[in-house]
Amino acid sequence: MRGGRRRAGPLVAAVALCLTLAAGLAPPHPAAASALAPKMGLVTQTPYSVAADGTIEVVLSVPSTIDLAAAPNATLVVTAYRPVTTRVEVSEAQTGDLTRPADSVDLPVAQLGHPAADQLAATITLETTTRTPPALQLPKAGLYPVLFELQNDGDVLAELTTFVHRLPSATEPAEVSLPVAIAMTTKSPVVIDDDALVVVDEATLTEMTRLADLLEASPVPITVRVPPALLNAVAAHGTDGAALAARLAAGLARNDLISSPRYPLDPSQAAAAGQHDLYTQWLRDGEDDLTAFTSSLSSSDVVIMDGPLTPDGGSLLRDLGARLVVTTPKIFDALPDSTGIFTDLSQIVNIRVASGETVDLAITDRELATTLQRHTTTPTLTGIAVITHLLAYRQEIVDSSRDLSGNANGNPARHGVTLGTSDLSLPQADTYRAIATLLAETPGLEPVSLETLGIRTDHLVLPPPHNEVTVGLPEEIDGTIEGRIATAEGLTATADGTAGMLPADDPRIEAWQQTISRFPTSALTDAQVEADAADLQQQFDTIRGSVEVTSNSSFTLTGRTTTMPIRLYNHGDVPLTVKVHMDSVKLTFPDGDILVTIPPQSYSAVDIKIEARTNNTFGVTLTVLTPGGDVLGEPVQMTANVNALSGMANLITGALLLVVLTWWVRHVRQSRRAHAATAAAARHPGRGNGNGDGDTGSTDGTNDASGAGLSPDAATSTLPPS
């Protein structure tokens with residue numbers, strides 16, 4: 001929380017309503033007869049804030065319809081009325097509804113000075129404790145309406161109402177100052193043309209010139225927001241632009257400059273699209289741009305809310321350092337849970353951005369907004385009127401809280417007023433100059449920065465249960481950047497792959513990145529984004545389509561391992577680097593993918609090492625890719641005829657088969673001989689029958705005369721058995 005907690009006085013809820021009615025809705029009160037008289041002009045009034053027994057010097061301009069020479073007995077009657085203590089009373093006095101007179105003095109016109117033919121100069125002496133004819137008695141400190149009437153023989157020829165701020169004497173309580181801050185922002189949109197340049201038109205130059213005038217003339221701090229892109233564009237806009245940029249840089253360096261993204265980017269839309277990092281980067285880039293432009297740091301503590309903001313957008317800003325949001329009454333009144341015209345705008349309220357998370361909110365003054373945005377033909381009187389309103393506001397705060405004895409003890413130092421136009425645009429220079437000049441020298445008012453005001457101002461607390469006022473934000477706003485983000489991400493991937501084909505110093509690489517990076521900004525229209533995206537895609541397609549495979553669609557391998565050249569042609573105008581990939585079921589490629597750089601408008605060959613697993617005809621796929629792995633065009637289908645086992649390989653194979661066949665024949669013959677020898681041994685005469693009597697016959701008659709039991713030699717003999 002910024003500042004301390006302070007309970008609002010009983011009048012807080014009604015203050016804003018009364019002020020609004022007094023400012024423009026209440027009808028004028030009946031005025032004196034002199035209200036119909038022509039108005040004199042207030043050329044100068046010094047001082048506005050005058051000591052208890054000081055003097056006031058005024059110069060009045062007389063309407064051209066009045067001939068002073070024809071009125072030798074004319075008198076300037078100066079009447080002071082009882083002090084006003086509220087803004088309502090100030091407004092009433094401005095419309096001619098004056099309170100009871102406090103004192104008056106008559107000054108013969110013949111004794112007055114004439115700085116010009118149509119002007120009167122008068123000096124009015126003030127007094128406090130006595131009442132004498134030559135002096136005007138202002139018995140206590142306060143804001144006195146003072147009426148100047150030019151009379152002749154009782155007729156009012158012309159009149160003028162102004163105010164005098166009578167300062168406290170040494171015996172009166174000192175005035176506690178009310179902090180006053182000023183906020184503004186430029187409204188010229190950042191527009192990027194088809195050449196990627198920020199547009200600087202006459203309207204932009206006019207507004208920037210007004211800003212330079214305001215910054216140079218302001219004796220009080222201004223909190224201002226200016227897009228970095230516009231400042232840099234103005235600086236690059238010829239000699240006149242450079243001169244204007246120098247004025248702006250000097251003026252901004254003396255004031256408080258609010259941080260802004262490099263290009264316009266709505267925080268709510270960025271948060272909705274999940275682009276927290278993008279917004280953070282753009283904000284930091286914008287801060288760098290502003291620092292380079294003004295040679296001073298910008299601040300992210302203060303945010304101007306001159307448009308819709310979602311809780312997610314507010315949370316993003318809070319995470320990036322925002323501690324005070326400034327907005328207008330019109331925007332504040334429309335927020336969820338807003339207290340509207342019943343809000344004491346001299347105190348801080350909370351914005352709910354997430355569960356348990358809030359950001360401080362300051363609202364610009366409701367009454368003085370229209371004054372700031374109008375030209376004035378009476379700068380002195382305009383300045384006095386505005387400062388009188390602020391001093392009356394200060395007095396209301398003092399009177400809003402009283403102790404048990406009835407003494408006013410409200411503390412204006414714990415409040416703060418923010419001045420700005422109804423949309424926070426730049427005020428009119430002549431009007432602002434008159435107000436700021438008087439503000440800087442008026443006791444009871446303290447010009448401060450918005451950051452200081454946010455730190456020192458209390459939060460608005462409603463009556464029991466004494467909760468701080470907290471308002472919400474709309475959950476959704478119009479517009480989205482999600483489509484642009486998707487387009488940018490797709491093109492970024494394609495750009496990165498294409499960039500790998502080009503030389504590292506090719507200027508197109510950086511140009512692509514810059515073009516794509518700007519897609520989320522509102523400085524580009526949807527049509528521009530679509531056109532830029534189509535142009536980039538065409539560039540990528542042209543580069544990617546520049547590589548052509550010129551090798552034959554079929555080849556023959558006559559060895560188990562061989563090297564085959566692949567020919568590529570580059571139709572482009574710069575060297576292109578690609579990756580060659582080959583794939584087949586029955587072939588292997590030991591070297592894997594191979595990078596090759598092809599000169600412009602030239603052929604290049606890459607040798608592919610191939611190993612065959614078997615003979616046959618196989619399909620081979622040749623794919624050309626970017627170095628990053630993106631496929632370029634359709635893969636080339638090739639045919640490989642593998643005769644890897646012909647010639648010497650066949651001879652070796654035949655020899656091996658012959659060796660195997662010889663071994664097999666020998667094995668068969670040996671097996672047959674072994675079997676025959678075993679059978680002959682069983683029939684040999686010397687071999688018994690196994691019963692011990694030498695009978696070779698079998699008890700079962702199996703060894704008979706057939707000779708089945710004889711040895712092979714005996715079986716084949718023609719001799720009779722022995």
# chains A, B, ... in the order shown; residues from 1 in each chain; ligands from 1

call {"tool": "residues_around", "arguments": {"residues": "Ile610 in chain A", "least_positions_apart": "4", "cutoff": "12 Å", "atoms": "only C-alpha atoms", "output": "PyMOL selection string"}}
result
chain A and resi 555-566+582-584+586-592+620+640+642+644

call {"tool": "select_by_dssp", "arguments": {"residues": "range 302-442 of chain A", "states": "alpha helix (DSSP H)", "output": "MDAnalysis selection string"}}
result
chainID A and resid 311:319 329:333 369:372 379:399 429:440

call {"tool": "atom_distance", "arguments": {"atom1": "CA of Ala52 in chain A", "atom2": "CA of Ile384 in chain A"}}
result
18.6 Å

call {"tool": "closest_residue", "arguments": {"among": "A:Gln637, A:Ser522, A:Thr626, A:Gln601", "to": "Met501 in chain A", "atoms": "only C-alpha atoms"}}
result
A:Thr626

call {"tool": "residues_around", "arguments": {"residues": "Ser425 in chain A", "least_positions_apart": "6", "cutoff": "6 Å", "atoms": "only C-alpha atoms", "output": "MDAnalysis selection string"}}
result
chainID A and resid 184:186

call {"tool": "write_last_selection", "arguments": {"atoms": "N, CA, C and O atoms", "output": "PDB file, in the first residue's frame"}}
result
ATOM      1  N   MET A 184       0.018  13.653 -18.835  1.00  0.00           N
ATOM      2  CA  MET A 184      -0.400  13.837 -20.227  1.00  0.00           C
ATOM      3  C   MET A 184       0.277  12.792 -21.102  1.00  0.00           C
ATOM      4  O   MET A 184       1.309  12.220 -20.739  1.00  0.00           O
ATOM      5  N   THR A 185      -0.317  12.561 -22.260  1.00  0.00           N
ATOM      6  CA  THR A 185       0.261  11.632 -23.234  1.00  0.00           C
ATOM      7  C   THR A 185      -0.051  12.124 -24.633  1.00  0.00           C
ATOM      8  O   THR A 185      -1.087  12.758 -24.861  1.00  0.00           O
ATOM      9  N   THR A 186       0.848  11.860 -25.539  1.00  0.00           N
ATOM     10  CA  THR A 186       0.578  12.204 -26.934  1.00  0.00           C
ATOM     11  C   THR A 186      -0.460  11.243 -27.494  1.00  0.00           C
ATOM     12  O   THR A 186      -0.594  10.115 -27.034  1.00  0.00           O
TER      13      THR A 186
END

call {"tool": "select_by_dssp", "arguments": {"residues": "range 422-650 of chain A", "states": "strand (DSSP E)", "output": "MDAnalysis selection string"}}
result
chainID A and resid 445:447 459:461 470:471 547:549 554:557 561:570 576:583 587:588 594:598 602:612 616:625 636:642

call {"tool": "closest_atom_pairs", "arguments": {"of": "range 319-390 of chain A", "to": "range 88-103 of chain A", "cutoff": "10 Å", "atoms": "only C-alpha atoms", "output": "Markdown table"}}
result
| residue | atom | partner | partner_atom | distance |
| --- | --- | --- | --- | --- |
| A:Ala385 | CA | A:Val90 | CA | 8.2 |
| A:Val386 | CA | A:Val90 | CA | 9.8 |
| A:Thr388 | CA | A:Val90 | CA | 7.3 |
| A:His389 | CA | A:Val90 | CA | 6.5 |

call {"tool": "write_last_selection", "arguments": {"atoms": "C-alpha atoms", "output": "mmCIF file, in the first residue's frame"}}
result
data_model
loop_
_atom_site.group_PDB
_atom_site.id
_atom_site.type_symbol
_atom_site.label_atom_id
_atom_site.label_comp_id
_atom_site.auth_asym_id
_atom_site.auth_seq_id
_atom_site.Cartn_x
_atom_site.Cartn_y
_atom_site.Cartn_z
ATOM 1 C CA ALA A 385 -9.583 30.499 -11.574
ATOM 2 C CA VAL A 386 -7.895 27.068 -11.723
ATOM 3 C CA THR A 388 -8.432 29.080 -6.753
ATOM 4 C CA HIS A 389 -10.314 25.834 -7.380
#

call {"tool": "residues_around", "arguments": {"residues": "Asp535 in chain A", "least_positions_apart": "6", "cutoff": "12 Å", "atoms": "only C-alpha atoms", "output": "PDB file with all heavy atoms, in the first residue's frame"}}
result
ATOM      1  N   ASP A 194       4.360   0.935 -45.710  1.00  0.00           N
ATOM      2  CA  ASP A 194       4.745  -0.286 -46.428  1.00  0.00           C
ATOM      3  C   ASP A 194       6.249  -0.416 -46.610  1.00  0.00           C
ATOM      4  O   ASP A 194       6.742  -1.482 -46.991  1.00  0.00           O
ATOM      5  CB  ASP A 194       4.056  -0.326 -47.793  1.00  0.00           C
ATOM      6  CG  ASP A 194       2.549  -0.462 -47.663  1.00  0.00           C
ATOM      7  OD1 ASP A 194       2.092  -0.925 -46.602  1.00  0.00           O
ATOM      8  OD2 ASP A 194       1.829  -0.091 -48.612  1.00  0.00           O
ATOM      9  N   LEU A 491       6.268 -18.174 -39.559  1.00  0.00           N
ATOM     10  CA  LEU A 491       7.248 -17.572 -40.459  1.00  0.00           C
ATOM     11  C   LEU A 491       8.645 -17.553 -39.841  1.00  0.00           C
ATOM     12  O   LEU A 491       9.641 -17.657 -40.553  1.00  0.00           O
ATOM     13  CB  LEU A 491       6.815 -16.143 -40.809  1.00  0.00           C
ATOM     14  CG  LEU A 491       5.633 -16.033 -41.775  1.00  0.00           C
ATOM     15  CD1 LEU A 491       5.191 -14.587 -41.907  1.00  0.00           C
ATOM     16  CD2 LEU A 491       6.002 -16.591 -43.153  1.00  0.00           C
ATOM     17  N   TRP A 512      14.287  -9.987 -42.440  1.00  0.00           N
ATOM     18  CA  TRP A 512      13.168 -10.900 -42.154  1.00  0.00           C
ATOM     19  C   TRP A 512      12.814 -10.850 -40.670  1.00  0.00           C
ATOM     20  O   TRP A 512      11.642 -10.762 -40.306  1.00  0.00           O
ATOM     21  CB  TRP A 512      13.540 -12.331 -42.529  1.00  0.00           C
ATOM     22  CG  TRP A 512      13.754 -12.555 -43.992  1.00  0.00           C
ATOM     23  CD1 TRP A 512      13.287 -11.791 -45.023  1.00  0.00           C
ATOM     24  CD2 TRP A 512      14.498 -13.623 -44.589  1.00  0.00           C
ATOM     25  NE1 TRP A 512      13.697 -12.308 -46.220  1.00  0.00           N
ATOM     26  CE2 TRP A 512      14.436 -13.438 -45.992  1.00  0.00           C
ATOM     27  CE3 TRP A 512      15.205 -14.714 -44.086  1.00  0.00           C
ATOM     28  CZ2 TRP A 512      15.053 -14.305 -46.882  1.00  0.00           C
ATOM     29  CZ3 TRP A 512      15.821 -15.585 -44.967  1.00  0.00           C
ATOM     30  CH2 TRP A 512      15.745 -15.380 -46.349  1.00  0.00           C
ATOM     31  N   THR A 515      10.981  -7.622 -39.793  1.00  0.00           N
ATOM     32  CA  THR A 515       9.617  -7.582 -40.320  1.00  0.00           C
ATOM     33  C   THR A 515       8.688  -8.452 -39.496  1.00  0.00           C
ATOM     34  O   THR A 515       7.597  -8.021 -39.096  1.00  0.00           O
ATOM     35  CB  THR A 515       9.601  -8.040 -41.785  1.00  0.00           C
ATOM     36  OG1 THR A 515      10.407  -7.155 -42.571  1.00  0.00           O
ATOM     37  CG2 THR A 515       8.173  -8.033 -42.333  1.00  0.00           C
ATOM     38  N   ILE A 516       9.111  -9.669 -39.206  1.00  0.00           N
ATOM     39  CA  ILE A 516       8.267 -10.591 -38.445  1.00  0.00           C
ATOM     40  C   ILE A 516       8.065 -10.092 -37.023  1.00  0.00           C
ATOM     41  O   ILE A 516       6.972 -10.204 -36.461  1.00  0.00           O
ATOM     42  CB  ILE A 516       8.887 -11.995 -38.445  1.00  0.00           C
ATOM     43  CG1 ILE A 516       8.937 -12.555 -39.868  1.00  0.00           C
ATOM     44  CG2 ILE A 516       8.107 -12.933 -37.540  1.00  0.00           C
ATOM     45  CD1 ILE A 516       9.707 -13.853 -39.989  1.00  0.00           C
ATOM     46  N   GLN A 528      -1.690  -5.083 -43.810  1.00  0.00           N
ATOM     47  CA  GLN A 528      -0.237  -4.993 -43.950  1.00  0.00           C
ATOM     48  C   GLN A 528       0.441  -6.270 -43.471  1.00  0.00           C
ATOM     49  O   GLN A 528       1.390  -6.748 -44.103  1.00  0.00           O
ATOM     50  CB  GLN A 528       0.290  -3.796 -43.156  1.00  0.00           C
ATOM     51  CG  GLN A 528       0.030  -2.442 -43.803  1.00  0.00           C
ATOM     52  CD  GLN A 528       0.552  -1.306 -42.940  1.00  0.00           C
ATOM     53  OE1 GLN A 528       0.091  -1.116 -41.822  1.00  0.00           O
ATOM     54  NE2 GLN A 528       1.509  -0.560 -43.451  1.00  0.00           N
ATOM     55  N   VAL A 529      -0.031  -6.808 -42.377  1.00  0.00           N
ATOM     56  CA  VAL A 529       0.558  -8.046 -41.862  1.00  0.00           C
ATOM     57  C   VAL A 529       0.379  -9.178 -42.868  1.00  0.00           C
ATOM     58  O   VAL A 529       1.307  -9.949 -43.139  1.00  0.00           O
ATOM     59  CB  VAL A 529      -0.070  -8.418 -40.507  1.00  0.00           C
ATOM     60  CG1 VAL A 529       0.388  -9.804 -40.061  1.00  0.00           C
ATOM     61  CG2 VAL A 529       0.299  -7.381 -39.452  1.00  0.00           C
ATOM     62  N   ASP A 541      10.136 -19.297 -50.417  1.00  0.00           N
ATOM     63  CA  ASP A 541       9.881 -20.313 -51.440  1.00  0.00           C
ATOM     64  C   ASP A 541      10.867 -20.183 -52.596  1.00  0.00           C
ATOM     65  O   ASP A 541      11.330 -21.186 -53.157  1.00  0.00           O
ATOM     66  CB  ASP A 541       8.449 -20.187 -51.957  1.00  0.00           C
ATOM     67  CG  ASP A 541       7.409 -20.585 -50.909  1.00  0.00           C
ATOM     68  OD1 ASP A 541       7.792 -21.226 -49.920  1.00  0.00           O
ATOM     69  OD2 ASP A 541       6.230 -20.228 -51.086  1.00  0.00           O
ATOM     70  N   THR A 542      11.183 -18.948 -52.977  1.00  0.00           N
ATOM     71  CA  THR A 542      12.122 -18.726 -54.077  1.00  0.00           C
ATOM     72  C   THR A 542      13.503 -19.273 -53.736  1.00  0.00           C
ATOM     73  O   THR A 542      14.147 -19.952 -54.552  1.00  0.00           O
ATOM     74  CB  THR A 542      12.217 -17.230 -54.404  1.00  0.00           C
ATOM     75  OG1 THR A 542      10.925 -16.756 -54.810  1.00  0.00           O
ATOM     76  CG2 THR A 542      13.218 -16.981 -55.523  1.00  0.00           C
TER      77      THR A 542
END
